[in-house]
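Coordinates from model39.txt are shown below (compact mmCIF, C-alpha atoms and all ligand atoms).
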```txt
# COMPACT_ATOMS: atom_id res chain seq x y z
CA MET C 201 100.45 108.43 83.70
CA THR C 202 102.85 111.11 82.38
CA ASN C 203 101.21 113.78 84.58
CA ASP C 204 101.50 111.55 87.61
CA LEU C 205 105.20 110.88 86.96
CA MET C 206 105.81 114.58 86.40
CA ALA C 207 104.11 115.48 89.69
CA ARG C 208 106.09 112.86 91.61
CA ARG C 209 109.29 113.99 89.94
CA LYS C 210 108.67 117.60 90.92
CA ARG C 211 107.84 116.63 94.51
CA LEU C 212 110.93 114.50 94.73
CA PHE C 213 113.56 116.51 92.82
CA GLY C 214 112.39 120.07 93.54
CA PRO C 215 112.18 122.94 91.07
CA ASN C 216 114.18 123.69 87.94
CA VAL C 217 114.91 120.08 86.91
CA PRO C 218 113.80 120.13 83.27
CA THR C 219 112.95 117.12 81.15
CA PHE C 220 113.67 116.98 77.45
CA TYR C 221 110.67 118.07 75.33
CA ASP C 222 107.50 120.02 76.17
CA LYS C 223 105.69 116.69 76.21
CA PRO C 224 108.12 114.73 78.40
CA LEU C 225 109.00 111.27 77.21
CA HIS C 226 108.32 108.25 79.36
CA LEU C 227 110.59 105.49 78.14
CA VAL C 228 110.54 101.89 79.25
CA ARG C 229 112.80 100.05 76.82
CA GLY C 230 115.65 100.55 74.37
CA GLU C 231 117.06 98.48 71.55
CA GLY C 232 119.76 99.60 69.11
CA VAL C 233 118.80 103.06 67.85
CA TRP C 234 115.23 102.75 69.11
CA LEU C 235 113.53 103.78 72.34
CA PHE C 236 110.03 102.66 73.33
CA ASP C 237 107.32 104.23 75.48
CA PRO C 238 104.82 102.24 77.61
CA ASP C 239 102.33 102.09 74.73
CA GLY C 240 104.92 100.47 72.51
CA ARG C 241 105.43 103.58 70.38
CA ARG C 242 108.97 103.68 69.12
CA TYR C 243 111.25 106.70 68.83
CA LEU C 244 114.31 106.92 66.61
CA ASP C 245 117.15 108.04 68.86
CA CYS C 246 119.20 110.68 67.06
CA TYR C 247 120.45 112.23 70.27
CA ASN C 248 121.98 109.84 72.78
CA ASN C 249 125.71 109.36 72.49
CA VAL C 250 125.95 107.40 75.75
CA ALA C 251 124.30 104.30 74.26
CA HIS C 252 127.27 104.35 71.90
CA VAL C 253 127.00 100.84 70.46
CA GLY C 254 123.20 100.89 70.66
CA HIS C 255 120.75 100.75 73.52
CA CYS C 256 120.95 97.55 75.56
CA HIS C 257 123.48 95.94 73.25
CA PRO C 258 123.25 92.23 74.15
CA LYS C 259 127.04 91.79 74.36
CA VAL C 260 127.40 94.63 76.85
CA VAL C 261 124.37 93.47 78.86
CA GLU C 262 125.73 89.95 78.97
CA ALA C 263 129.21 91.10 80.03
CA ILE C 264 127.76 93.19 82.86
CA ALA C 265 125.50 90.36 84.04
CA ARG C 266 128.26 87.77 83.92
CA GLN C 267 130.75 89.87 85.89
CA ALA C 268 128.09 91.07 88.36
CA ALA C 269 127.28 87.44 89.08
CA THR C 270 130.96 86.62 89.61
CA LEU C 271 132.66 89.41 91.55
CA ASN C 272 132.48 93.14 92.04
CA THR C 273 135.09 94.77 94.23
CA HIS C 274 137.40 97.69 93.43
CA THR C 275 140.86 98.61 92.26
CA ARG C 276 142.56 98.01 95.63
CA TYR C 277 142.49 94.28 94.80
CA LEU C 278 144.32 92.60 91.96
CA HIS C 279 141.99 91.81 89.10
CA GLU C 280 142.81 90.59 85.63
CA GLY C 281 139.78 92.24 84.01
CA ILE C 282 140.67 95.71 85.31
CA LEU C 283 144.24 95.49 84.05
CA ALA C 284 143.29 93.92 80.73
CA TYR C 285 140.81 96.69 80.03
CA GLY C 286 143.16 99.48 81.08
CA GLU C 287 145.96 98.05 78.94
CA ARG C 288 143.68 97.74 75.94
CA LEU C 289 142.33 101.27 76.35
CA VAL C 290 145.70 103.01 76.73
CA GLY C 291 146.80 101.05 73.66
CA LYS C 292 144.37 103.23 71.69
CA PHE C 293 146.42 106.36 72.47
CA GLY C 294 149.66 107.76 71.14
CA HIS C 295 151.73 110.58 72.68
CA ASP C 296 152.93 108.33 75.51
CA LEU C 297 149.50 108.51 77.17
CA LYS C 298 149.88 105.11 78.78
CA GLN C 299 148.72 105.43 82.37
CA ILE C 300 145.15 105.57 83.55
CA ILE C 301 142.81 106.36 86.42
CA MET C 302 139.23 105.17 86.11
CA THR C 303 136.32 107.11 87.57
CA CYS C 304 132.53 106.93 87.38
CA THR C 305 131.82 110.16 85.48
CA GLY C 306 133.36 112.48 82.95
CA SER C 307 133.16 115.23 85.56
CA GLU C 308 135.43 113.31 87.92
CA ALA C 309 137.82 112.57 85.07
CA ASN C 310 138.03 116.28 84.22
CA ASP C 311 138.43 117.11 87.89
CA LEU C 312 141.47 114.84 87.95
CA ALA C 313 142.79 116.43 84.76
CA LEU C 314 142.68 119.83 86.45
CA ARG C 315 144.52 118.45 89.46
CA MET C 316 147.14 116.86 87.20
CA ALA C 317 147.81 120.26 85.63
CA GLN C 318 148.16 121.77 89.11
CA ALA C 319 150.45 118.95 90.23
CA VAL C 320 152.79 119.29 87.25
CA THR C 321 152.98 123.09 87.21
CA GLY C 322 152.44 124.02 90.85
CA LYS C 323 150.04 126.66 89.49
CA VAL C 324 146.25 126.93 89.55
CA GLY C 325 145.23 129.05 86.54
CA ILE C 326 142.99 127.28 84.03
CA ILE C 327 141.73 128.38 80.62
CA ALA C 328 138.53 127.17 78.96
CA THR C 329 136.26 128.54 76.27
CA ASP C 330 133.47 130.95 77.11
CA ASN C 331 130.69 128.65 75.94
CA THR C 332 131.44 125.25 77.38
CA TYR C 333 130.52 122.48 79.77
CA HIS C 334 133.06 120.13 81.30
CA GLY C 335 131.10 118.66 84.21
CA ASN C 336 129.57 119.12 87.60
CA THR C 337 132.19 118.86 90.36
CA THR C 338 132.84 122.08 92.27
CA ALA C 339 136.18 122.63 90.51
CA VAL C 340 135.05 121.69 87.01
CA SER C 341 131.74 123.57 87.19
CA GLN C 342 133.76 126.77 87.56
CA LEU C 343 134.65 126.33 83.88
CA ASN C 344 131.04 126.15 82.80
CA THR C 345 129.49 129.23 81.37
CA ARG C 346 125.74 128.83 81.45
CA ARG C 347 125.22 130.21 84.95
CA PRO C 348 127.60 132.37 87.02
CA PRO C 349 128.83 130.61 90.17
CA ILE C 350 127.79 132.00 93.56
CA GLY C 351 130.44 134.52 94.51
CA GLY C 352 131.12 135.30 90.84
CA TRP C 353 133.48 133.79 88.31
CA PRO C 354 136.67 132.64 90.06
CA ALA C 355 139.77 134.65 89.22
CA HIS C 356 141.88 131.56 88.46
CA VAL C 357 139.67 130.62 85.47
CA LYS C 358 139.97 132.58 82.24
CA ARG C 359 137.49 132.13 79.44
CA VAL C 360 138.55 132.60 75.82
CA PRO C 361 136.01 133.20 73.03
CA ALA C 362 134.90 129.87 71.59
CA PRO C 363 135.09 129.42 67.82
CA ASP C 364 131.67 130.39 66.50
CA VAL C 365 130.46 130.96 62.93
CA LEU C 366 128.62 134.07 64.14
CA VAL C 367 131.76 135.72 65.51
CA PRO C 368 133.97 136.89 62.64
CA GLY C 369 137.55 135.67 62.94
CA SER C 370 136.82 133.32 65.83
CA THR C 371 137.52 130.21 63.78
CA ASP C 372 140.90 131.61 62.74
CA PRO C 373 143.64 129.56 64.47
CA ALA C 374 145.88 132.60 65.03
CA VAL C 375 143.07 134.63 66.56
CA PHE C 376 142.21 131.78 68.92
CA ALA C 377 145.86 131.31 69.92
CA GLY C 378 146.06 135.06 70.56
CA HIS C 379 143.14 134.84 73.00
CA VAL C 380 144.84 131.98 74.83
CA ALA C 381 148.17 133.87 74.98
CA ARG C 382 146.41 136.91 76.50
CA ALA C 383 144.63 134.74 79.06
CA ILE C 384 147.96 133.18 80.07
CA THR C 385 149.51 136.64 80.51
CA GLU C 386 146.56 137.67 82.72
CA LEU C 387 146.84 134.54 84.86
CA GLU C 388 150.53 135.09 85.31
CA ALA C 389 150.00 138.76 86.17
CA SER C 390 147.32 137.94 88.75
CA GLY C 391 149.65 135.55 90.56
CA HIS C 392 147.60 132.43 89.82
CA GLY C 393 150.04 131.24 87.20
CA PHE C 394 149.04 129.02 84.30
CA ALA C 395 148.36 125.33 84.86
CA GLY C 396 146.46 124.22 81.78
CA PHE C 397 143.94 124.69 79.01
CA MET C 398 140.91 122.37 79.03
CA LEU C 399 139.06 121.91 75.78
CA CYS C 400 136.92 119.56 73.76
CA PRO C 401 138.68 118.97 70.42
CA VAL C 402 135.44 119.29 68.43
CA PHE C 403 134.04 122.02 70.68
CA ALA C 404 130.91 119.90 71.03
CA ASN C 405 129.11 121.93 73.68
CA GLU C 406 130.17 125.11 71.91
CA GLY C 407 128.03 124.05 68.93
CA LEU C 408 130.43 121.98 66.82
CA PRO C 409 131.90 125.02 65.02
CA PRO C 410 133.63 124.42 61.68
CA VAL C 411 137.27 124.08 62.70
CA GLU C 412 139.74 122.12 60.62
CA PRO C 413 142.70 119.87 61.44
CA GLY C 414 145.60 122.06 62.52
CA PHE C 415 143.26 124.56 64.18
CA LEU C 416 144.97 124.15 67.53
CA ASP C 417 148.63 124.01 66.43
CA GLN C 418 149.47 127.60 67.31
CA THR C 419 147.50 127.40 70.56
CA VAL C 420 149.34 124.25 71.61
CA GLU C 421 152.64 126.01 70.96
CA VAL C 422 151.57 128.96 73.10
CA VAL C 423 150.44 126.66 75.93
CA ARG C 424 153.64 124.60 75.87
CA LYS C 425 155.87 127.66 75.79
CA ALA C 426 154.12 128.91 78.92
CA GLY C 427 154.69 125.54 80.64
CA GLY C 428 150.99 124.63 80.83
CA LEU C 429 149.23 121.37 80.01
CA ILE C 430 146.71 120.60 77.28
CA LEU C 431 143.77 118.87 78.96
CA CYS C 432 141.71 117.26 76.24
CA ASP C 433 138.09 116.43 77.09
CA GLU C 434 137.13 113.52 74.82
CA VAL C 435 133.84 112.86 76.61
CA GLN C 436 131.89 113.61 73.43
CA PRO C 437 134.13 112.82 70.43
CA GLY C 438 135.92 109.85 71.99
CA PHE C 439 135.54 106.14 71.17
CA GLY C 440 135.23 106.73 67.45
CA ARG C 441 132.23 109.06 67.25
CA LEU C 442 134.04 111.01 64.54
CA GLY C 443 134.23 107.89 62.37
CA SER C 444 137.62 108.75 60.94
CA HIS C 445 139.48 108.61 64.28
CA TRP C 446 139.16 107.09 67.73
CA TRP C 447 139.81 110.44 69.39
CA GLY C 448 139.06 114.05 68.55
CA HIS C 449 142.66 115.13 69.16
CA ASP C 450 143.88 112.62 66.57
CA TRP C 451 141.53 114.20 64.06
CA LEU C 452 142.45 117.77 64.97
CA GLY C 453 146.10 116.70 65.03
CA PHE C 454 147.58 117.69 68.34
CA ALA C 455 149.24 115.94 71.27
CA PRO C 456 147.41 116.35 74.57
CA ASP C 457 149.12 115.92 77.94
CA VAL C 458 146.00 114.50 79.57
CA VAL C 459 142.84 113.03 78.03
CA SER C 460 139.55 112.52 79.82
CA MET C 461 136.68 110.38 78.57
CA GLY C 462 133.33 109.09 79.77
CA LYS C 463 129.83 108.95 78.34
CA PRO C 464 130.16 106.21 75.65
CA MET C 465 132.81 104.23 77.50
CA GLY C 466 130.43 101.80 79.23
CA ASN C 467 127.43 102.25 76.91
CA GLY C 468 125.47 103.67 79.85
CA HIS C 469 127.24 101.86 82.66
CA PRO C 470 128.89 104.63 84.75
CA VAL C 471 132.56 104.37 83.92
CA ALA C 472 134.94 107.10 82.81
CA ALA C 473 138.69 107.62 82.78
CA VAL C 474 141.61 109.95 82.49
CA VAL C 475 144.82 108.92 80.73
CA ALA C 476 148.15 110.72 81.00
CA ARG C 477 151.85 110.39 80.37
CA PRO C 478 153.84 108.66 83.13
CA ASP C 479 155.57 111.92 84.16
CA VAL C 480 152.19 113.63 84.57
CA MET C 481 150.77 110.68 86.49
CA ALA C 482 153.83 110.59 88.75
CA ALA C 483 153.42 114.28 89.59
CA PHE C 484 149.73 113.71 90.33
CA ARG C 485 150.40 110.68 92.54
CA GLU C 486 153.06 112.66 94.39
CA ALA C 487 150.72 115.60 95.05
CA PHE C 488 147.44 113.77 95.73
CA GLY C 489 146.24 110.55 97.27
CA TYR C 490 143.36 109.33 95.14
CA PHE C 491 141.01 106.40 95.32
CA ASN C 492 137.61 105.98 93.71
CA THR C 493 135.42 103.31 95.34
CA PHE C 494 133.40 102.51 92.23
CA GLY C 495 135.69 103.79 89.47
CA GLY C 496 136.84 101.06 87.13
CA ASN C 497 135.50 98.17 89.19
CA PRO C 498 135.40 94.70 87.60
CA VAL C 499 131.80 95.10 86.39
CA SER C 500 132.54 98.52 84.88
CA CYS C 501 135.61 97.13 83.15
CA ALA C 502 133.61 94.19 81.79
CA ALA C 503 131.05 96.62 80.35
CA ALA C 504 133.75 98.86 78.91
CA MET C 505 135.65 95.90 77.45
CA ALA C 506 132.49 94.69 75.73
CA VAL C 507 132.03 98.17 74.26
CA LEU C 508 135.50 98.01 72.70
CA ASP C 509 134.73 94.51 71.39
CA VAL C 510 131.50 95.66 69.77
CA ILE C 511 133.04 98.79 68.24
CA GLU C 512 135.72 96.66 66.61
CA GLU C 513 133.66 93.57 65.71
CA GLU C 514 130.90 95.65 64.14
CA GLY C 515 133.31 98.06 62.42
CA LEU C 516 131.46 101.01 63.89
CA LEU C 517 134.04 103.66 62.97
CA ALA C 518 133.94 102.85 59.27
CA HIS C 519 130.16 102.52 59.49
CA ALA C 520 129.88 105.97 61.10
CA GLU C 521 132.06 107.51 58.43
CA ARG C 522 129.97 105.99 55.64
CA VAL C 523 126.58 106.89 57.12
CA SER C 524 127.83 110.33 58.10
CA ALA C 525 128.74 111.22 54.50
CA TYR C 526 125.32 110.07 53.32
CA ALA C 527 123.46 111.90 56.10
CA LEU C 528 125.43 115.11 55.56
CA ASP C 529 124.55 115.10 51.86
CA LYS C 530 120.89 114.68 52.75
CA MET C 531 121.10 117.40 55.39
CA ARG C 532 122.63 119.79 52.89
CA ALA C 533 119.69 119.06 50.59
CA LEU C 534 117.16 120.12 53.25
CA ARG C 535 115.26 123.18 52.15
CA HIS C 536 114.30 125.96 54.57
CA PRO C 537 115.17 129.66 54.60
CA LEU C 538 116.38 129.54 58.21
CA ILE C 539 119.07 126.91 57.56
CA ALA C 540 122.32 128.90 57.62
CA ASP C 541 124.84 126.11 58.03
CA VAL C 542 124.95 122.31 58.07
CA ARG C 543 128.01 120.63 59.50
CA GLY C 544 129.05 117.33 60.94
CA ARG C 545 131.75 114.82 61.57
CA GLY C 546 131.01 111.14 62.03
CA MET C 547 127.90 110.62 64.10
CA PHE C 548 127.66 114.24 65.21
CA PHE C 549 125.74 116.87 63.25
CA GLY C 550 124.72 120.49 63.71
CA ILE C 551 122.18 122.47 61.69
CA GLU C 552 122.37 126.16 62.48
CA LEU C 553 119.14 128.15 62.20
CA LEU C 554 119.40 131.91 61.69
CA ARG C 555 116.77 134.53 60.90
CA ASP C 556 118.25 137.64 59.25
CA GLY C 557 121.69 136.56 60.45
CA VAL C 558 120.50 136.24 64.05
CA PRO C 559 120.04 132.95 65.96
CA ALA C 560 116.52 131.55 65.74
CA PRO C 561 116.08 129.53 68.97
CA ASP C 562 112.28 129.73 68.69
CA ALA C 563 112.36 127.89 65.36
CA ALA C 564 114.92 125.38 66.66
CA ALA C 565 112.67 124.65 69.65
CA ARG C 566 109.67 124.08 67.38
CA VAL C 567 111.66 121.75 65.16
CA VAL C 568 112.86 119.68 68.14
CA GLU C 569 109.29 119.38 69.47
CA GLY C 570 107.90 118.62 66.01
CA MET C 571 110.46 115.86 65.54
CA ARG C 572 109.58 114.36 68.91
CA ASP C 573 105.92 114.32 67.87
CA ARG C 574 106.94 112.43 64.74
CA GLY C 575 108.94 109.94 66.79
CA VAL C 576 112.45 111.22 66.12
CA LEU C 577 114.57 112.47 69.02
CA ILE C 578 117.00 115.32 68.47
CA GLY C 579 118.27 118.21 70.63
CA ARG C 580 119.67 121.73 70.46
CA ILE C 581 122.99 123.44 71.20
CA GLY C 582 124.67 126.78 70.64
CA ARG C 583 125.01 129.92 72.73
CA GLN C 584 121.35 130.60 72.05
CA GLN C 585 120.20 127.00 71.63
CA HIS C 586 119.58 127.67 67.96
CA ILE C 587 121.59 124.79 66.46
CA LEU C 588 119.82 121.48 65.91
CA LYS C 589 121.96 118.70 67.34
CA LEU C 590 121.90 115.12 66.05
CA ARG C 591 124.25 112.70 67.76
CA PRO C 592 122.83 109.19 67.46
CA PRO C 593 124.14 105.86 68.70
CA MET C 594 126.87 104.61 66.37
CA PRO C 595 124.82 101.82 64.69
CA PHE C 596 122.59 104.55 63.18
CA GLY C 597 122.26 103.50 59.54
CA ILE C 598 121.36 104.83 56.10
CA ASP C 599 117.70 103.82 56.52
CA HIS C 600 117.58 105.62 59.87
CA ALA C 601 119.10 108.73 58.29
CA ASP C 602 116.43 108.59 55.57
CA LEU C 603 113.69 108.34 58.15
CA ALA C 604 115.05 111.13 60.35
CA LEU C 605 115.75 113.57 57.53
CA CYS C 606 112.44 112.95 55.80
CA ALA C 607 110.74 113.81 59.10
CA LEU C 608 113.00 116.83 59.48
CA GLN C 609 112.02 118.23 56.10
CA GLU C 610 108.33 117.77 56.98
CA VAL C 611 108.76 119.53 60.31
CA LEU C 612 110.79 122.35 58.75
CA ASP C 613 107.99 122.83 56.19
CA GLU C 614 105.65 123.54 59.08
CA VAL C 615 107.94 126.05 60.76
CA ALA C 616 107.59 129.59 59.45
CA ALA C 617 110.66 131.42 58.27
N1 LIG T 701 132.69 116.93 79.36
C1 LIG T 701 131.84 117.14 78.35
C2 LIG T 701 132.36 117.71 77.07
C3 LIG T 701 130.49 116.85 78.51
O1 LIG T 701 129.65 117.07 77.50
C4 LIG T 701 130.04 116.30 79.73
C5 LIG T 701 128.60 115.91 79.96
N2 LIG T 701 127.66 116.47 79.13
C6 LIG T 701 130.96 116.10 80.76
C7 LIG T 701 132.29 116.41 80.52
C8 LIG T 701 130.56 115.55 82.09
O2 LIG T 701 130.37 114.20 82.05
P1 LIG T 701 129.48 113.49 83.17
O3 LIG T 701 128.08 113.94 83.01
O4 LIG T 701 129.69 112.02 82.93
O5 LIG T 701 130.03 113.89 84.50
```
Write the structure described by the file as structure tokens, please.
Amino acid sequence: MTNDLMARRKRLFGPNVPTFYDKPLHLVRGEGVWLFDPDGRRYLDCYNNVAHVGHCHPKVVEAIARQAATLNTHTRYLHEGILAYGERLVGKFGHDLKQIIMTCTGSEANDLALRMAQAVTGKVGIIATDNTYHGNTTAVSQLNTRRPPIGGWPAHVKRVPAPDVLVPGSTDPAVFAGHVARAITELEASGHGFAGFMLCPVFANEGLPPVEPGFLDQTVEVVRKAGGLILCDEVQPGFGRLGSHWWGHDWLGFAPDVVSMGKPMGNGHPVAAVVARPDVMAAFREAFGYFNTFGGNPVSCAAAMAVLDVIEEEGLLAHAERVSAYALDKMRALRHPLIADVRGRGMFFGIELLRDGVPAPDAAARVVEGMRDRGVLIGRIGRQQHILKLRPPMPFGIDHADLALCALQEVLDEVAA
């Protein structure tokens, strides 16, 4: 069965479309933090942040079904559900971020954020870190660092060294701000000018490096002084993943000009958004006509509204904070010579594996595969894919943490130092 699906997939999708895991997973059902294969074997999901309130949460499923059976149009018509959701969502933000555009993906939201920075400044230069991912549109993919774009890296994008425990000084706020200041000077010298700095406030794709609140203060000052915008990508930390705060920027303690969000917003239903201050939105609307056929339609808004309901009714932020503290303690008690650092915030954890001070991606790969064989799904991040990544749905509980970390110790015991 798996071989047949793999062959069909390859025929249909073409080459270089990897699956997770050496033994690809065929999943047919999800419930809460569990995923099931066709034989009924269950897997503990410690990886998927999209199913934020749990796979197939009945309230979200019911909201989607009810609205789909009633009406689905788009934002060119008046609709109470669209406005009610938008109003409730912008109510979760400070810093005068009270206007919204809804899209279908985080990539589109980031694409709009870039355009907003251009519209406000009249410039095109963008700064991002040198180990990031912000999405897959043509404009946004130019910020990604895994593969050089055809034609080479565009001159209007400058990459600053991401904070990284392996790079001395890189988690120092002043050093980081210095990199950003230099990049701004270069953009101004090259004639592109400086439009904005796009970043994830927990540097999720960079490997969740250990930065502390206040880390960005000096950088924000540098950006503002140069007249650029702070474009905050909340696709990963947003909607309470950090437990302590709804948004990563609230935790880190800075005021963004534009915030984009996606993945968890509809619990798997494709809805994403960008929120901005009215002056930024006005500049954008002046410079660009924009309409998104599917973005923020009544069904998407019903799904997203149900997600907010569940987060609040089930107290998922406080839950995440409680379980996170417990899980982090257990992670720090894991024993293996390759474990160099354990870190986490809310329902997002990284375990960095080094051999003689050098990344150990081989060991990380074996751990991920070993966990899959034991029915626990995790992933990897980091420049060299050497950091174990655990980022489960928010209802992940103490008992799930026990199960996952017991399996992790067993797998680690089998992996040679
Ligand atoms: N920003 C970040 C930080 C992401 O991790 C991702 C997806 N991994 C995106 C944006 C793009 O979101 P989407 O896949 O919904 O386009």
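Going from atom O2 of ligand LIG 701 (chain T) over to CA of Ala207 in chain C, you cover 27.4 Å.
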Using only the atoms of range 259-263 of chain C listed in the file, plus 4 Å on each side, state the axis-aligned box centre and edge lengths in Å rounded to one decimal, as lines of an AutoDock Vina configuration file.
```
center_x = 126.8
center_y = 92.3
center_z = 77.2
size_x = 12.8
size_y = 12.7
size_z = 13.7
```
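Nearest to Gly495 in chain C of all the residues C:Val420, C:Val471, C:Leu516, C:Ala265 is C:Val471, based on all atoms listed in the file.
Our summary of the geometry notes that CA of Lys530 in chain C is positioned 24.3 Å from CA of Glu514 in chain C.
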Practice task
Rank C:Glu434, C:Asp330, C:Asp364, C:Asp222 by their smallest atom-to-atom distance to ligand LIG 701 (chain T), using only C-alpha atoms and all ligand atoms, and report the top residue only.
Solution key: C:Glu434
Practice task
For ligand LIG 701 (chain T), collect every residue having any atom at a distance of at most 7 Å from a ligand atom (counting only C-alpha atoms and all ligand atoms); output as a list in words.
Solution key: Thr305, Gly306, Ser307, Glu308, Asn310, Tyr333, His334, Gly335, Asn336, Cys400, Ala404, Asn405, Asp433, Glu434, Val435, Gln436, Gly462 and Lys463 of chain C
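Using all atoms listed in the file for every distance, the candidate list C:Pro437, C:Asp311, C:Thr329, C:Val611 yields C:Asp311 as the residue closest to Ser341 in chain C.
For the set C:His295, C:Lys210, C:His519, C:Lys425, the residue with the smallest atom-to-atom gap to Val253 in chain C is C:His519, counting all atoms listed in the file.
Compared by their closest atoms to Glu412 in chain C, and using only C-alpha atoms, the residues C:His449, C:Arg441, C:Lys259, C:His226 rank with C:His449 nearest.
With all atoms listed in the file as the basis for measurement, C:Tyr221 is the residue among C:Tyr221, C:Tyr285, C:Tyr277, C:Phe494 that approaches Asp573 in chain C most closely.
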